[in-house]
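Participant: Just so it is clear, I am handing over start-v3.cif, which has mmCIF, C-alpha atoms and all ligand atoms.
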data_target
#
loop_
_atom_site.label_atom_id
_atom_site.label_comp_id
_atom_site.auth_asym_id
_atom_site.auth_seq_id
_atom_site.Cartn_x
_atom_site.Cartn_y
_atom_site.Cartn_z
CA MET M 5 0.00 0.00 0.00
CA THR M 6 1.44 3.37 -0.92
CA SER M 7 -1.66 5.50 -1.23
CA LEU M 8 -4.83 6.23 0.71
CA SER M 9 -8.30 5.21 -0.42
CA THR M 10 -11.39 6.72 1.16
CA GLN M 11 -13.91 4.09 2.28
CA PRO M 12 -17.43 5.56 2.27
CA HIS M 13 -18.83 2.80 4.53
CA PHE M 14 -16.13 3.31 7.15
CA ILE M 15 -17.01 5.76 9.95
CA THR M 16 -14.76 6.71 12.84
CA LEU M 17 -15.25 8.47 16.15
CA GLU M 18 -12.54 10.61 17.66
CA GLY M 19 -12.06 12.80 20.68
CA GLY M 20 -10.03 13.38 23.82
CA GLU M 21 -10.53 11.57 27.11
CA GLY M 22 -14.12 11.35 28.33
CA ALA M 23 -15.56 12.84 25.14
CA GLY M 24 -18.36 10.24 25.22
CA LYS M 25 -17.42 8.12 22.21
CA THR M 26 -18.89 4.92 23.63
CA THR M 27 -22.42 6.34 24.01
CA VAL M 28 -22.32 7.93 20.56
CA LEU M 29 -20.98 4.75 18.94
CA ASN M 30 -24.00 2.82 20.22
CA ALA M 31 -26.41 5.48 18.93
CA LEU M 32 -24.77 5.46 15.47
CA ARG M 33 -24.85 1.65 15.36
CA ASP M 34 -28.57 1.65 16.19
CA ALA M 35 -29.26 4.32 13.54
CA LEU M 36 -27.43 2.35 10.84
CA GLN M 37 -29.21 -0.84 11.82
CA ARG M 38 -32.59 0.94 11.64
CA ASN M 39 -31.65 1.67 8.01
CA GLY M 40 -31.32 -2.10 7.50
CA LEU M 41 -27.52 -2.02 7.21
CA GLU M 42 -25.07 -4.59 8.57
CA VAL M 43 -22.75 -2.88 11.06
CA VAL M 44 -19.44 -4.00 12.57
CA THR M 45 -18.33 -2.00 15.62
CA THR M 46 -14.70 -2.06 16.63
CA ARG M 47 -12.04 0.01 18.38
CA GLU M 48 -8.42 1.09 18.39
CA PRO M 49 -5.95 0.24 19.57
CA GLY M 50 -7.42 -3.25 19.30
CA GLY M 51 -10.11 -4.92 17.22
CA THR M 52 -8.38 -8.31 16.71
CA PRO M 53 -6.91 -10.69 19.32
CA LEU M 54 -3.33 -9.68 18.45
CA ALA M 55 -4.14 -5.97 18.29
CA GLU M 56 -5.90 -6.23 21.67
CA GLN M 57 -2.68 -7.67 23.10
CA ILE M 58 -0.78 -4.72 21.68
CA ARG M 59 -3.41 -2.47 23.34
CA GLY M 60 -2.54 -4.11 26.67
CA LEU M 61 1.16 -3.35 26.13
CA LEU M 62 0.36 0.26 25.25
CA LEU M 63 -2.08 1.13 28.01
CA ASP M 64 -1.00 -0.94 31.02
CA PRO M 65 0.74 1.50 33.40
CA SER M 66 2.73 -1.32 35.02
CA HIS M 67 4.86 -1.89 31.88
CA GLU M 68 8.09 -0.04 31.22
CA PRO M 69 6.93 3.27 29.61
CA PRO M 70 7.39 3.13 25.82
CA SER M 71 9.35 5.88 24.08
CA PRO M 72 7.13 8.12 21.87
CA GLU M 73 8.49 6.33 18.78
CA THR M 74 7.72 2.90 20.28
CA GLU M 75 4.23 4.10 21.15
CA LEU M 76 3.64 5.34 17.59
CA LEU M 77 4.90 2.14 15.96
CA LEU M 78 2.87 -0.08 18.29
CA MET M 79 -0.27 1.94 17.45
CA PHE M 80 0.44 1.36 13.76
CA ALA M 81 1.34 -2.31 14.28
CA ALA M 82 -2.05 -2.85 15.92
CA ARG M 83 -3.75 -0.83 13.15
CA ALA M 84 -2.06 -2.81 10.36
CA GLN M 85 -3.48 -6.02 11.81
CA HIS M 86 -6.89 -4.47 12.49
CA VAL M 87 -7.27 -3.10 8.95
CA ARG M 88 -6.36 -6.41 7.33
CA GLU M 89 -8.17 -8.82 9.68
CA THR M 90 -11.30 -6.90 10.66
CA ILE M 91 -11.99 -3.68 8.77
CA LEU M 92 -11.28 -4.59 5.13
CA PRO M 93 -12.99 -8.01 5.27
CA ALA M 94 -16.13 -6.37 6.71
CA LEU M 95 -16.13 -3.58 4.10
CA GLN M 96 -15.51 -6.08 1.32
CA ARG M 97 -18.60 -8.10 2.23
CA GLY M 98 -20.70 -4.90 2.21
CA ALA M 99 -20.95 -4.15 5.94
CA TRP M 100 -20.54 -0.72 7.47
CA VAL M 101 -17.70 -0.35 9.98
CA LEU M 102 -17.94 1.94 12.99
CA CYS M 103 -14.62 2.37 14.73
CA ASP M 104 -13.83 4.01 18.09
CA ARG M 105 -10.60 5.87 17.16
CA PHE M 106 -8.41 5.37 14.07
CA THR M 107 -5.43 7.11 12.43
CA ASP M 108 -6.60 10.59 13.47
CA SER M 109 -5.82 9.51 17.06
CA SER M 110 -2.19 8.95 16.07
CA TYR M 111 -2.00 12.41 14.50
CA ALA M 112 -3.56 13.93 17.63
CA TYR M 113 -1.83 11.95 20.41
CA GLN M 114 1.54 11.01 18.92
CA GLY M 115 1.74 14.02 16.55
CA GLY M 116 0.11 16.71 18.72
CA GLY M 117 0.69 15.29 22.20
CA ARG M 118 4.11 13.67 21.77
CA ARG M 119 5.32 16.10 19.10
CA LEU M 120 6.40 13.36 16.66
CA ASP M 121 6.95 14.22 13.00
CA ILE M 122 3.63 14.53 11.16
CA ALA M 123 5.24 13.66 7.82
CA PHE M 124 6.42 10.34 9.28
CA ILE M 125 2.91 9.61 10.57
CA ALA M 126 1.51 10.42 7.11
CA GLU M 127 4.04 8.04 5.56
CA LEU M 128 2.98 5.26 7.94
CA GLU M 129 -0.65 6.00 7.15
CA ARG M 130 -0.03 5.60 3.42
CA ARG M 131 2.24 2.57 3.62
CA VAL M 132 0.76 0.63 6.53
CA VAL M 133 -2.91 1.60 6.64
CA GLY M 134 -3.91 2.57 3.11
CA ILE M 135 -7.49 3.54 3.95
CA ARG M 136 -9.27 6.45 5.53
CA PRO M 137 -12.85 6.81 6.70
CA GLY M 138 -15.55 8.51 4.64
CA LEU M 139 -16.86 10.22 7.77
CA THR M 140 -15.20 11.05 11.08
CA LEU M 141 -17.07 12.61 13.97
CA LEU M 142 -14.80 14.53 16.33
CA LEU M 143 -16.43 14.80 19.75
CA ASP M 144 -14.95 17.97 21.13
CA VAL M 145 -15.05 18.79 24.82
CA GLY M 146 -12.82 20.96 27.03
CA VAL M 147 -9.94 19.05 28.60
CA HIS M 148 -11.02 19.75 32.17
CA LYS M 149 -14.60 18.61 31.60
CA GLY M 150 -13.57 15.50 29.65
CA ARG M 151 -11.07 14.43 32.30
CA GLU M 152 -13.61 14.98 35.04
CA ARG M 153 -16.02 12.64 33.22
CA ALA M 154 -13.30 10.03 32.65
CA ARG M 155 -12.42 10.16 36.37
CA GLY M 156 -16.08 9.45 37.17
CA ARG M 157 -15.73 5.90 35.81
CA ASP M 158 -14.93 3.11 38.23
CA THR M 159 -11.82 1.93 36.32
CA SER M 160 -8.33 3.12 37.23
CA PRO M 161 -6.66 5.46 34.68
CA ASP M 162 -4.58 3.79 31.95
CA ARG M 163 -1.03 4.90 31.13
CA ILE M 164 -2.05 7.62 28.65
CA GLU M 165 -4.91 8.89 30.84
CA ARG M 166 -2.26 9.72 33.47
CA GLU M 167 -0.69 12.42 31.26
CA ARG M 168 -0.78 16.10 32.25
CA ASP M 169 -3.53 18.54 31.13
CA GLU M 170 -1.01 20.24 28.84
CA PHE M 171 -0.62 16.99 26.84
CA PHE M 172 -4.39 16.79 26.34
CA GLU M 173 -4.59 20.47 25.33
CA GLN M 174 -2.07 19.67 22.56
CA VAL M 175 -4.11 16.62 21.55
CA ARG M 176 -7.27 18.73 21.35
CA ALA M 177 -5.55 21.46 19.30
CA ALA M 178 -4.20 18.85 16.87
CA TYR M 179 -7.67 17.32 16.42
CA LEU M 180 -9.28 20.71 15.78
CA ALA M 181 -6.58 21.62 13.26
CA ARG M 182 -7.24 18.36 11.38
CA ALA M 183 -10.98 19.04 11.35
CA GLN M 184 -10.36 22.51 9.99
CA ALA M 185 -8.11 21.10 7.26
CA GLU M 186 -10.62 18.39 6.24
CA PRO M 187 -14.07 19.84 6.94
CA ASP M 188 -15.93 17.50 4.55
CA ARG M 189 -14.67 14.30 6.16
CA MET M 190 -14.23 15.38 9.77
CA ARG M 191 -17.26 16.94 11.43
CA VAL M 192 -16.94 18.49 14.88
CA VAL M 193 -19.66 17.72 17.43
CA ASP M 194 -19.81 19.88 20.55
CA ALA M 195 -19.62 17.14 23.18
CA SER M 196 -20.08 19.37 26.22
CA ALA M 197 -23.88 18.88 26.21
CA SER M 198 -25.76 15.96 27.80
CA ALA M 199 -25.05 12.45 26.49
CA GLU M 200 -28.51 12.34 24.85
CA GLU M 201 -28.03 15.67 23.07
CA VAL M 202 -24.56 14.74 21.83
CA ALA M 203 -25.83 11.40 20.51
CA ALA M 204 -28.76 13.15 18.74
CA ARG M 205 -26.38 15.63 17.04
CA ALA M 206 -24.11 12.80 15.94
CA VAL M 207 -27.02 10.79 14.53
CA ALA M 208 -28.24 13.88 12.60
CA LEU M 209 -24.79 14.22 11.00
CA LEU M 210 -24.82 10.52 10.16
CA GLN M 211 -28.24 10.81 8.47
CA GLN M 212 -26.96 13.76 6.45
CA TYR M 213 -23.93 11.69 5.43
CA LEU M 214 -26.07 8.68 4.46
CA ARG M 215 -28.11 10.91 2.15
CA SER M 216 -24.92 12.23 0.55
CA VAL M 217 -23.50 8.75 -0.22
CA ALA M 218 -26.82 7.15 -1.24
N1 LIG F 1 -4.42 6.36 21.40
C1 LIG F 1 -5.24 5.61 20.61
C2 LIG F 1 -3.28 6.97 20.89
O1 LIG F 1 -2.53 7.62 21.63
N2 LIG F 1 -3.00 6.83 19.56
C3 LIG F 1 -3.76 6.08 18.73
O2 LIG F 1 -3.45 5.98 17.52
C4 LIG F 1 -4.94 5.45 19.27
C5 LIG F 1 -5.82 4.62 18.38
C6 LIG F 1 -7.20 4.51 23.93
C7 LIG F 1 -6.06 5.41 24.37
O3 LIG F 1 -5.07 5.27 23.38
C8 LIG F 1 -4.75 6.52 22.83
C9 LIG F 1 -5.91 7.40 23.13
C10 LIG F 1 -6.47 6.87 24.43
O4 LIG F 1 -5.76 7.50 25.48
P1 LIG F 1 -9.64 4.45 24.79
O5 LIG F 1 -10.20 3.28 25.47
O6 LIG F 1 -10.14 4.79 23.45
O7 LIG F 1 -8.05 4.29 24.89
O8 LIG F 1 -9.67 5.64 25.70
P2 LIG F 1 -10.48 6.85 25.94
O9 LIG F 1 -10.74 7.70 24.79
O10 LIG F 1 -9.76 7.44 27.09
O11 LIG F 1 -11.86 6.28 26.38
P3 LIG F 1 -12.83 7.03 27.23
O12 LIG F 1 -13.71 5.96 27.75
O13 LIG F 1 -12.22 7.99 28.19
O14 LIG F 1 -13.56 7.95 26.23
P4 LIG F 1 -14.95 7.91 25.66
O15 LIG F 1 -15.29 6.56 25.10
O16 LIG F 1 -14.97 9.06 24.74
O17 LIG F 1 -15.89 8.22 26.88
P5 LIG F 1 -17.08 7.35 27.49
O18 LIG F 1 -18.18 7.25 26.51
O19 LIG F 1 -16.52 6.11 28.09
O20 LIG F 1 -17.50 8.35 28.62
C11 LIG F 1 -16.68 8.60 29.73
C12 LIG F 1 -17.58 8.89 30.94
O21 LIG F 1 -18.30 10.09 30.73
C13 LIG F 1 -19.70 9.87 30.76
C14 LIG F 1 -19.89 8.39 30.52
O22 LIG F 1 -21.08 7.93 31.12
C15 LIG F 1 -18.65 7.81 31.17
O23 LIG F 1 -18.84 7.67 32.56
N3 LIG F 1 -20.25 10.69 29.66
C16 LIG F 1 -20.92 11.84 29.85
N4 LIG F 1 -21.24 12.52 30.94
C17 LIG F 1 -21.92 13.69 30.77
N5 LIG F 1 -22.26 14.19 29.55
C18 LIG F 1 -21.93 13.54 28.43
N6 LIG F 1 -22.24 14.05 27.22
C19 LIG F 1 -21.23 12.31 28.54
N7 LIG F 1 -20.74 11.43 27.64
C20 LIG F 1 -20.15 10.44 28.34
#
In structure tokens, what does this structure look like?
Facilitator:
Amino acid sequence: MTSLSTQPHFITLEGGEGAGKTTVLNALRDALQRNGLEVVTTREPGGTPLAEQIRGLLLDPSHEPPSPETELLLMFAARAQHVRETILPALQRGAWVLCDRFTDSSYAYQGGGRRLDIAFIAELERRVVGIRPGLTLLLDVGVHKGRERARGRDTSPDRIERERDEFFEQVRAAYLARAQAEPDRMRVVDASASAEEVAARAVALLQQYLRSVA
């Protein structure tokens, strides 16, 4: 793979910590299914048994902390497997794929947060991934509010969730810059409202998108 092909039936959700992706993902899945479409939901890092193991290596705070470069390459190693074993086979049989995070997360976290070279990430995207989603919804919420929500869960924070606010401000800025650069693909949803309102806004954008690709 040396180029990028846009996959109209591939939809991704992005956002910082506690943006509410899980709730929105379920609402989008239900909306697609109401339209009689087959839907595969998946997530990154992860989405295959091997990629889920890589996720464990990446997020478990008890491991030796990876260098930024190691973190980037492990994200792409997991993604390479996920694209080939889960995403492409589903798209090829005509299903829609809804994915919680994809390559935009690497641009935001490893590019924006860790300050790694964007051109190198773009090269990995072309050579290792080869596809991009037709629609990406960026759930945007202030760092403080998002982290407060994430802290409200009963799980202990993973390795990346333990980063400083400044890191997440850089992640958010990188996401918003990507949305500004690609306004047709990446739609920003104000995720500071109630979970129900955010899900309703996301579903409205999905319906608009479905009409445009019909
Ligand atoms: N990563 C990932 C990279 O660095 N590079 C990459 O390339 C990739 C793919 C993945 C981590 O890996 C990093 C990014 C991440 O740090 P993850 O499981 O996707 O891990 O992690 P998070 O995004 O941290 O998952 P969260 O669970 O925090 O985010 P969600 O899914 O956006 O939030 P959700 O839905 O679980 O909600 C969090 C809490 O808030 C409440 C929910 O009930 C829940 O308790 N909530 C709301 N409360 C009030 N109002 C709303 N609108 C709410 N929406 C949700």
Participant: Might you pull out every residue within 7 Å of region 134-149 of chain M, with all atoms listed in the file counted and same-chain residues fewer than 3 positions away left off, and present them as a PyMOL selection string?
Facilitator: chain M and resi 5-19+23+129-131+152-153+169+172-173+189-196
Participant: The centre and edge lengths of an axis-aligned box containing all atoms of ligand LIG 1 (chain F) present in the file, extended by 4 Å on each side, are to be given in Å to one decimal, as JSON.
Facilitator:
{"center_x": -12.4, "center_y": 8.7, "center_z": 25.0, "size_x": 27.7, "size_y": 18.9, "size_z": 23.0}
Participant: For ligand LIG 1 (chain F), list the contacting residues at 7 Å or closer, counting all atoms listed in the file, as a VMD selection string.
Facilitator: chain M and resid 19 to 27 48 to 49 63 79 104 to 110 113 to 114 153 to 154 156 to 157 164 to 165 195 to 200 202
Participant: Show me, as a compact mmCIF listing (two decimals) with C-alpha atoms, in the coordinates of the input, the residues that have an atom within 12 Å of Gly115 (chain M) when counting only C-alpha atoms, minus same-chain residues fewer than 2 positions from it.
Facilitator:
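Written out: result.txt:
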# COMPACT_ATOMS: atom_id res chain seq x y z
CA PRO M 72 7.13 8.12 21.87
CA GLU M 73 8.49 6.33 18.78
CA GLU M 75 4.23 4.10 21.15
CA LEU M 76 3.64 5.34 17.59
CA THR M 107 -5.43 7.11 12.43
CA ASP M 108 -6.60 10.59 13.47
CA SER M 109 -5.82 9.51 17.06
CA SER M 110 -2.19 8.95 16.07
CA TYR M 111 -2.00 12.41 14.50
CA ALA M 112 -3.56 13.93 17.63
CA TYR M 113 -1.83 11.95 20.41
CA GLY M 117 0.69 15.29 22.20
CA ARG M 118 4.11 13.67 21.77
CA ARG M 119 5.32 16.10 19.10
CA LEU M 120 6.40 13.36 16.66
CA ASP M 121 6.95 14.22 13.00
CA ILE M 122 3.63 14.53 11.16
CA ALA M 123 5.24 13.66 7.82
CA PHE M 124 6.42 10.34 9.28
CA ILE M 125 2.91 9.61 10.57
CA ALA M 126 1.51 10.42 7.11
CA PHE M 171 -0.62 16.99 26.84
CA PHE M 172 -4.39 16.79 26.34
CA GLN M 174 -2.07 19.67 22.56
CA VAL M 175 -4.11 16.62 21.55
CA ARG M 176 -7.27 18.73 21.35
CA ALA M 177 -5.55 21.46 19.30
CA ALA M 178 -4.20 18.85 16.87
CA TYR M 179 -7.67 17.32 16.42
CA ALA M 181 -6.58 21.62 13.26
CA ARG M 182 -7.24 18.36 11.38
Participant: Looking at only C-alpha atoms, which of M:Thr90, M:Asn30, M:Thr45, M:Ser66 is the one that sits closest to Asp162 (chain M)?
Facilitator: M:Ser66
Participant: Pick out the closest residue to Glu170 (chain M) from this set: M:Val207, M:Gly116, M:Ala185, M:Arg59. Count only C-alpha atoms.
Facilitator: M:Gly116
Participant: Between CA of Cys103 (chain M) and CA of Pro70 (chain M), what distance in Å does the model show, to one decimal?
Facilitator: 24.7 Å
Participant: May I ask for the distance between CA of Ala183 (chain M) and CA of Leu92 (chain M), given in Å to one decimal place?
Facilitator: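 About the pair CA of Ala183 (chain M) and CA of Leu92 (chain M): they are 24.4 Å apart.
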Participant: Could you please determine the separation between CA of Ala204 (chain M) and CA of Arg47 (chain M) in Å, to one decimal place?
Facilitator: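 Going from CA of Ala204 (chain M) over to CA of Arg47 (chain M), I get 21.3 Å.
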Participant: Could you check which residues have any atom within 10 Å of (-25.2, 1.1, 13.1), counting only C-alpha atoms with coordinates taken straight from the file, and then list them as a PDB file with C-alpha atoms, in the coordinates of the input?
Facilitator:
ATOM      1  CA  ILE M  15     -17.010   5.760   9.950  1.00  0.00           C
ATOM      2  CA  LEU M  29     -20.980   4.750  18.940  1.00  0.00           C
ATOM      3  CA  ASN M  30     -24.000   2.820  20.220  1.00  0.00           C
ATOM      4  CA  ALA M  31     -26.410   5.480  18.930  1.00  0.00           C
ATOM      5  CA  LEU M  32     -24.770   5.460  15.470  1.00  0.00           C
ATOM      6  CA  ARG M  33     -24.850   1.650  15.360  1.00  0.00           C
ATOM      7  CA  ASP M  34     -28.570   1.650  16.190  1.00  0.00           C
ATOM      8  CA  ALA M  35     -29.260   4.320  13.540  1.00  0.00           C
ATOM      9  CA  LEU M  36     -27.430   2.350  10.840  1.00  0.00           C
ATOM     10  CA  GLN M  37     -29.210  -0.840  11.820  1.00  0.00           C
ATOM     11  CA  ARG M  38     -32.590   0.940  11.640  1.00  0.00           C
ATOM     12  CA  ASN M  39     -31.650   1.670   8.010  1.00  0.00           C
ATOM     13  CA  GLY M  40     -31.320  -2.100   7.500  1.00  0.00           C
ATOM     14  CA  LEU M  41     -27.520  -2.020   7.210  1.00  0.00           C
ATOM     15  CA  GLU M  42     -25.070  -4.590   8.570  1.00  0.00           C
ATOM     16  CA  VAL M  43     -22.750  -2.880  11.060  1.00  0.00           C
ATOM     17  CA  VAL M  44     -19.440  -4.000  12.570  1.00  0.00           C
ATOM     18  CA  THR M  45     -18.330  -2.000  15.620  1.00  0.00           C
ATOM     19  CA  ALA M  99     -20.950  -4.150   5.940  1.00  0.00           C
ATOM     20  CA  TRP M 100     -20.540  -0.720   7.470  1.00  0.00           C
ATOM     21  CA  VAL M 101     -17.700  -0.350   9.980  1.00  0.00           C
ATOM     22  CA  LEU M 102     -17.940   1.940  12.990  1.00  0.00           C
ATOM     23  CA  VAL M 207     -27.020  10.790  14.530  1.00  0.00           C
ATOM     24  CA  LEU M 210     -24.820  10.520  10.160  1.00  0.00           C
TER      25      LEU M 210
END
Participant: Pick from M:Thr159, M:Gln211, M:Thr52, M:Thr46: nearest to Ala84 (chain M), with only C-alpha atoms counted?
Facilitator: M:Thr52
Participant: Would you mind completing region 124-149 of chain M to N, CA, C and O atoms and writing the output as a PDB file, in the coordinates of the input?
Facilitator:
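Saved to part-v8.pdb:
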ATOM      1  N   PHE M 124       6.154  11.766   9.053  1.00  0.00           N
ATOM      2  CA  PHE M 124       6.420  10.340   9.280  1.00  0.00           C
ATOM      3  C   PHE M 124       5.103   9.601   9.545  1.00  0.00           C
ATOM      4  O   PHE M 124       4.886   8.488   9.037  1.00  0.00           O
ATOM      5  N   ILE M 125       4.207  10.234  10.309  1.00  0.00           N
ATOM      6  CA  ILE M 125       2.910   9.610  10.570  1.00  0.00           C
ATOM      7  C   ILE M 125       2.135   9.454   9.250  1.00  0.00           C
ATOM      8  O   ILE M 125       1.531   8.405   8.984  1.00  0.00           O
ATOM      9  N   ALA M 126       2.207  10.486   8.411  1.00  0.00           N
ATOM     10  CA  ALA M 126       1.510  10.420   7.110  1.00  0.00           C
ATOM     11  C   ALA M 126       2.081   9.307   6.242  1.00  0.00           C
ATOM     12  O   ALA M 126       1.348   8.613   5.521  1.00  0.00           O
ATOM     13  N   GLU M 127       3.383   9.112   6.330  1.00  0.00           N
ATOM     14  CA  GLU M 127       4.040   8.040   5.560  1.00  0.00           C
ATOM     15  C   GLU M 127       3.556   6.667   6.057  1.00  0.00           C
ATOM     16  O   GLU M 127       3.247   5.774   5.264  1.00  0.00           O
ATOM     17  N   LEU M 128       3.492   6.525   7.375  1.00  0.00           N
ATOM     18  CA  LEU M 128       2.980   5.260   7.940  1.00  0.00           C
ATOM     19  C   LEU M 128       1.521   5.049   7.514  1.00  0.00           C
ATOM     20  O   LEU M 128       1.132   3.933   7.170  1.00  0.00           O
ATOM     21  N   GLU M 129       0.757   6.126   7.539  1.00  0.00           N
ATOM     22  CA  GLU M 129      -0.650   6.000   7.150  1.00  0.00           C
ATOM     23  C   GLU M 129      -0.760   5.474   5.720  1.00  0.00           C
ATOM     24  O   GLU M 129      -1.537   4.562   5.435  1.00  0.00           O
ATOM     25  N   ARG M 130       0.039   6.041   4.823  1.00  0.00           N
ATOM     26  CA  ARG M 130      -0.030   5.600   3.420  1.00  0.00           C
ATOM     27  C   ARG M 130       0.480   4.179   3.238  1.00  0.00           C
ATOM     28  O   ARG M 130      -0.109   3.366   2.539  1.00  0.00           O
ATOM     29  N   ARG M 131       1.605   3.869   3.895  1.00  0.00           N
ATOM     30  CA  ARG M 131       2.240   2.570   3.620  1.00  0.00           C
ATOM     31  C   ARG M 131       1.673   1.419   4.423  1.00  0.00           C
ATOM     32  O   ARG M 131       1.717   0.265   3.996  1.00  0.00           O
ATOM     33  N   VAL M 132       1.166   1.706   5.624  1.00  0.00           N
ATOM     34  CA  VAL M 132       0.760   0.630   6.530  1.00  0.00           C
ATOM     35  C   VAL M 132      -0.764   0.492   6.600  1.00  0.00           C
ATOM     36  O   VAL M 132      -1.284  -0.597   6.788  1.00  0.00           O
ATOM     37  N   VAL M 133      -1.458   1.620   6.439  1.00  0.00           N
ATOM     38  CA  VAL M 133      -2.910   1.600   6.640  1.00  0.00           C
ATOM     39  C   VAL M 133      -3.639   1.584   5.298  1.00  0.00           C
ATOM     40  O   VAL M 133      -4.459   0.704   5.048  1.00  0.00           O
ATOM     41  N   GLY M 134      -3.376   2.568   4.479  1.00  0.00           N
ATOM     42  CA  GLY M 134      -3.910   2.570   3.110  1.00  0.00           C
ATOM     43  C   GLY M 134      -5.351   3.006   2.960  1.00  0.00           C
ATOM     44  O   GLY M 134      -5.810   3.212   1.845  1.00  0.00           O
ATOM     45  N   ILE M 135      -6.087   3.103   4.052  1.00  0.00           N
ATOM     46  CA  ILE M 135      -7.490   3.540   3.950  1.00  0.00           C
ATOM     47  C   ILE M 135      -7.766   4.666   4.934  1.00  0.00           C
ATOM     48  O   ILE M 135      -7.080   4.808   5.946  1.00  0.00           O
ATOM     49  N   ARG M 136      -8.783   5.461   4.571  1.00  0.00           N
ATOM     50  CA  ARG M 136      -9.270   6.450   5.530  1.00  0.00           C
ATOM     51  C   ARG M 136     -10.791   6.425   5.512  1.00  0.00           C
ATOM     52  O   ARG M 136     -11.400   5.999   4.520  1.00  0.00           O
ATOM     53  N   PRO M 137     -11.388   6.869   6.624  1.00  0.00           N
ATOM     54  CA  PRO M 137     -12.850   6.810   6.700  1.00  0.00           C
ATOM     55  C   PRO M 137     -13.520   7.835   5.802  1.00  0.00           C
ATOM     56  O   PRO M 137     -12.939   8.891   5.498  1.00  0.00           O
ATOM     57  N   GLY M 138     -14.766   7.538   5.396  1.00  0.00           N
ATOM     58  CA  GLY M 138     -15.550   8.510   4.640  1.00  0.00           C
ATOM     59  C   GLY M 138     -16.064   9.609   5.546  1.00  0.00           C
ATOM     60  O   GLY M 138     -16.252  10.747   5.121  1.00  0.00           O
ATOM     61  N   LEU M 139     -16.345   9.249   6.791  1.00  0.00           N
ATOM     62  CA  LEU M 139     -16.860  10.220   7.770  1.00  0.00           C
ATOM     63  C   LEU M 139     -16.184   9.995   9.114  1.00  0.00           C
ATOM     64  O   LEU M 139     -16.057   8.857   9.575  1.00  0.00           O
ATOM     65  N   THR M 140     -15.755  11.102   9.725  1.00  0.00           N
ATOM     66  CA  THR M 140     -15.200  11.050  11.080  1.00  0.00           C
ATOM     67  C   THR M 140     -15.933  12.082  11.912  1.00  0.00           C
ATOM     68  O   THR M 140     -16.046  13.242  11.503  1.00  0.00           O
ATOM     69  N   LEU M 141     -16.450  11.649  13.055  1.00  0.00           N
ATOM     70  CA  LEU M 141     -17.070  12.610  13.970  1.00  0.00           C
ATOM     71  C   LEU M 141     -16.086  12.876  15.098  1.00  0.00           C
ATOM     72  O   LEU M 141     -15.654  11.949  15.798  1.00  0.00           O
ATOM     73  N   LEU M 142     -15.712  14.135  15.243  1.00  0.00           N
ATOM     74  CA  LEU M 142     -14.800  14.530  16.330  1.00  0.00           C
ATOM     75  C   LEU M 142     -15.649  15.078  17.464  1.00  0.00           C
ATOM     76  O   LEU M 142     -16.278  16.127  17.329  1.00  0.00           O
ATOM     77  N   LEU M 143     -15.683  14.341  18.576  1.00  0.00           N
ATOM     78  CA  LEU M 143     -16.430  14.800  19.750  1.00  0.00           C
ATOM     79  C   LEU M 143     -15.517  15.720  20.538  1.00  0.00           C
ATOM     80  O   LEU M 143     -14.525  15.275  21.119  1.00  0.00           O
ATOM     81  N   ASP M 144     -15.846  16.987  20.531  1.00  0.00           N
ATOM     82  CA  ASP M 144     -14.950  17.970  21.130  1.00  0.00           C
ATOM     83  C   ASP M 144     -15.493  18.462  22.468  1.00  0.00           C
ATOM     84  O   ASP M 144     -16.607  18.964  22.540  1.00  0.00           O
ATOM     85  N   VAL M 145     -14.671  18.306  23.489  1.00  0.00           N
ATOM     86  CA  VAL M 145     -15.050  18.790  24.820  1.00  0.00           C
ATOM     87  C   VAL M 145     -13.794  19.368  25.475  1.00  0.00           C
ATOM     88  O   VAL M 145     -12.677  18.916  25.190  1.00  0.00           O
ATOM     89  N   GLY M 146     -13.960  20.369  26.331  1.00  0.00           N
ATOM     90  CA  GLY M 146     -12.820  20.960  27.030  1.00  0.00           C
ATOM     91  C   GLY M 146     -12.072  19.886  27.832  1.00  0.00           C
ATOM     92  O   GLY M 146     -12.683  18.933  28.325  1.00  0.00           O
ATOM     93  N   VAL M 147     -10.771  20.072  27.950  1.00  0.00           N
ATOM     94  CA  VAL M 147      -9.940  19.050  28.600  1.00  0.00           C
ATOM     95  C   VAL M 147     -10.388  18.814  30.041  1.00  0.00           C
ATOM     96  O   VAL M 147     -10.526  17.664  30.492  1.00  0.00           O
ATOM     97  N   HIS M 148     -10.670  19.891  30.759  1.00  0.00           N
ATOM     98  CA  HIS M 148     -11.020  19.750  32.170  1.00  0.00           C
ATOM     99  C   HIS M 148     -12.309  18.927  32.320  1.00  0.00           C
ATOM    100  O   HIS M 148     -12.366  17.965  33.091  1.00  0.00           O
ATOM    101  N   LYS M 149     -13.300  19.304  31.517  1.00  0.00           N
ATOM    102  CA  LYS M 149     -14.600  18.610  31.600  1.00  0.00           C
ATOM    103  C   LYS M 149     -14.464  17.136  31.203  1.00  0.00           C
ATOM    104  O   LYS M 149     -15.001  16.247  31.855  1.00  0.00           O
TER     105      LYS M 149
END
